[in-house]
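Working notes, beginning with the structure itself.
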Amino acid sequence: MNEMTNKWIGRRTIRPDGAEKVTGRAAFAADTTMPGMIWGKLLRSPHPHAHIRAINTAKAEALTGVKAVVTARDIVDFPVDKSVMLGIQDMRWMCRNVMAREKALFHGHPIAAVAATTAEIAAEACKLIEVDYEVLPWAIEIDDALKPDAPILHDFIRFEGKPSNIAGKLEHKLGDIAEGFAKADVIVERTFTTRPVHQGYIEPQACLVSVTADGKATIWSSSQGHFMVRAMTSMLTGLPQSSIRAIPAEIGGGFGGKTIIYLEPVATMLAKKSGRPVKMVMTREEVMRATGPTSASKSTVKIGATKDGRIVAAQGAFYLQAGALPGSPIRGSAGCAFAPYNIPNVLSQGFDVVCNRSKVTAYRAPGAPIGAYPVECVLDEIAEKLGIDPLDLRLKNIAKEGTKAAHGPVYPRIGFAETVAAARAHPHYQAPLGPHQGRGVASGFWFNAGGESSAQVNITEDGNVVVTTGHPDIGGSRASIANITAELLGIDYRRVSVLIGDTASIGFSNLTGGSRALFASSMVVTQSIEKVIATLRERAAQIWQIDPEAVTWAEGAAHPAGKNAGNFPPLTLAEIAAKASATGGPIGAGVQLNTTGAEGGFATHICDVEVDLELGIVRVVRFTAFQDAGRAIHPSYVEGQMQGGVAQGIGWALNEEYIYNAKGQVDNPSFLDYRMPVCSDLPMIDTVIVEVPNPKHPQGVRGVGEASIVPPLAAISNAVHNALGKRFYALPISPPKVLAALKTTA
Amino acid sequence: MAKLHISATVNGEPTEFLCEPDETMLDVLRGPLGLTGSKEGCGSGDCGACSITLDGRLVCSCLMLAAEAEGADIRTIEGMAEGDTLHPLQRKFLEMAALQCGICTPGMLVAAKALLDRNPDPSESEVRYWLAGNLCRCTGYDKIVRAVLETAAEMREAVR
């Protein structure tokens, strides 16, 4: 598995989709056009909360150039009293998110859509649509939504028997926390808040949909799963899945935000009604107002430990904003928060709070950073109170093989302790700090995921290889699949072509999400290649007229297994491929599986910050990330996942937040005012890949995409405390907050 | 409104197009000229995904009116490689995995080339501040900055 003799696994090969991407030729969602194509635009609610009494589209329809108008009447309704799930999404909420039905639930909520010969005419027509709104009081923040007299978003939601904006609760329990806290010498309890942050992909949502007169739809769009696009569009338009072909464009970033759809069903209905291909592209403002983000949160965490640093009890209550419709990632918060530690008594609760903001969408390790942030900050306080090094405190309580986690599993072999030990031993941890600088550490966990995956491996007539999988490649998964294929077949990786098939050309494959893409697809690719190699051995046996059992496969060729098998020169892949038709036909194999055994991913981070006392700016000056990758198939893209997650975590901790005005509208819906880290904000982000192979995967792979965003929030907060001697309990730690804190200290 | 007739040089080719007075260069590049390598990430000049050069000056094509291209020399990502030979920056971005999703890559490369055309020996800080107008959400910029510095070093070596 991890032998040094590997030729391709672990190599930093050039990605198969690279040349297209550095020359501007790669086709992303907005890059495709069709003859006869027209443009779709959405009319969005100007109110954060309103009953929709009536919609009159007559004037819009009469405008020259308008070809179709769509409202909620054209989208399949899923009544609120009966849940219909598609993966983790409830179609009751999806149908209402794509197009408002009874109520507009946030500023920017789609109300109607127009397709016209130009985007300008479509926008003009949207203004001609008359909507009779009854404006209602609204609730934006968690505290507003939980007040006794808060406006209730959904009459059908009840909590503890009463109408409420708490749409759901989840609880993980282990042992008895009362007993646990009774044994504690030190107890720290704190309340923390985080703000909503957007996934921030640079490519806005876009799609092009063609529906022919026989009801066959073709969708070009970028998403984290074109099978999800097909299934959701089918459910929301009533077209059967067999009539929809979803073609994955290259995806310009997703980070969870493209695990659901916004435009595709609307464009499909516009295309169906107009008889013309319809293109829809969101503006950045639409992206910021009406897609994602992830939840704001308010969390209270209490941890008790004995004098010698043994954690005896932990309790967490995590309130997360769901936005307009239920479904915040409370499972990630309540489940991941305490997962890194072996704690005998745990009570971890998550509460799903609806409010008049856009419906939240998954964001990298959904919920996990929100859960880990308060826990890892409280651990820092406990370490300080006990006079124990914070990494040593983690090592004393570390979860390892056999540990029972509060969220359910008993861990198999995991690599968490190795990440903490690597951080402890790293020169960064001992490096001297300058004036106004501080150092913080934190750890984090993400579940990782398996799920459905399909692959087809075909040998071309000239003896090369084409591999097709069904998960969109966002961060280099094609490169890793090429490495694995080359390794297993014993050929040069340049002879391997890796493609993402559309929904008509490859079997069902679940979302690229949950850090599953490489884990799952390499399993089905490996099994497909094993089948191909069996066929290649059979064909060689046929040519040599010996038993297939007497043929082995090595270094890209069939060999007689031993002297008894016969004395034949090796038959290369190309030689066998050339004779394929004569020996039984084309050579190829496909495998489809519901993969399991993903097992958790762990990360530990060290962060140094410097505080500008005059301006209140916190700068990250050094950052080292340690993460268990299981096996790094392509180390560059593992490092890339680690660095990208860290950068997003830095933005979350220091800069990024949604700002609402008094009218319940997002006040900063642009990259200028919603400040993501730019190149000059960041230092190099050093990475240390720890490899403790996943025993349940043929190459030892664990997911690596998400654990990296979990520790930074607390690592940075702890570093700021180390620099200033002052703790912050609210993110982002932005200049106004820092200056205010410095003032009170002075 | 009558359309304007514009003559410019695009990636070395004499090019003529018609545009509305209020149409952006980005829309003309992506639309009638079929050069979709320049991307629209924001439309407000904040993300740099639409970066091109106008007479050698780095600009966001979403903030430029197409009519301003009259008589100008426009260069986009599509003009960066020579035939099937990639520019050293393009090659280095591939070798050093300086892209993940790739949506910011065309703009990032155009901006990086504009830097190296001016300053063949930039410091890390100079690279970081020059590229501060090009957002990347995938990489944390680490591998991008390293690739630009490495390319600059190689190009200096080649000139010597």
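Lettering and numbering for the structure tokens are positional, with chains as A, B, ... in the shown order, residues counted from 1 in each chain, and ligands counted from 1 in the shown order.
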
Next item on the list: For Gly470 (chain A), list every protein, DNA or RNA residue within 10 Å, evaluated using only C-alpha atoms, and leave out those in the same chain fewer than 3 positions away; present the list as an NGL selection string.
Entry: :A and (225-227 or 248 or 452-456 or 473 or 499-503 or 505-512 or 517 or 521)

Notebook entry, point to check: Within 6 Å of region 179-192 of chain A, counting only C-alpha atoms, which residues qualify if same-chain residues fewer than 4 places away don't, as a list in words?
Noted result: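 Non-adjacent residues within range: Lys298, Ser299, Thr300, Val301, Lys302, Ile303, Gly304, Ala305, Thr306, Lys307, Val312, Ala313, Asn345, Tyr729 and Ala730 of chain A.
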
Check: Which of region 36-123 of chain B counts as helix (DSSP H, G or I) under DSSP, as an MDAnalysis selection string please?
Finding: chainID B and resid 61:63 66:69 77:79 88:95 105:118

Next item on the list: Have a look at CA of Val346 (chain A) and CA of Asn718 (chain A) and let me know their distance in Å, one decimal.
Entry: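 According to the coordinates, CA of Val346 (chain A) and CA of Asn718 (chain A) are separated by 23.4 Å.
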
Item checked: Nearest to Leu58 (chain B) by atom-to-atom distance, counting only C-alpha atoms, from B:Arg128, B:Lys92, B:Arg146, B:Arg118 -> B:Arg118

Next item on the list: Do a neighbour search on Met80 (chain B) at 9 Å with only C-alpha atoms, toss out local chain neighbours closer than 3 positions, and write the hits as number ranges by chain.
Entry: A: 23; B: 11, 75-77, 86-87, 90, 109-110, 113
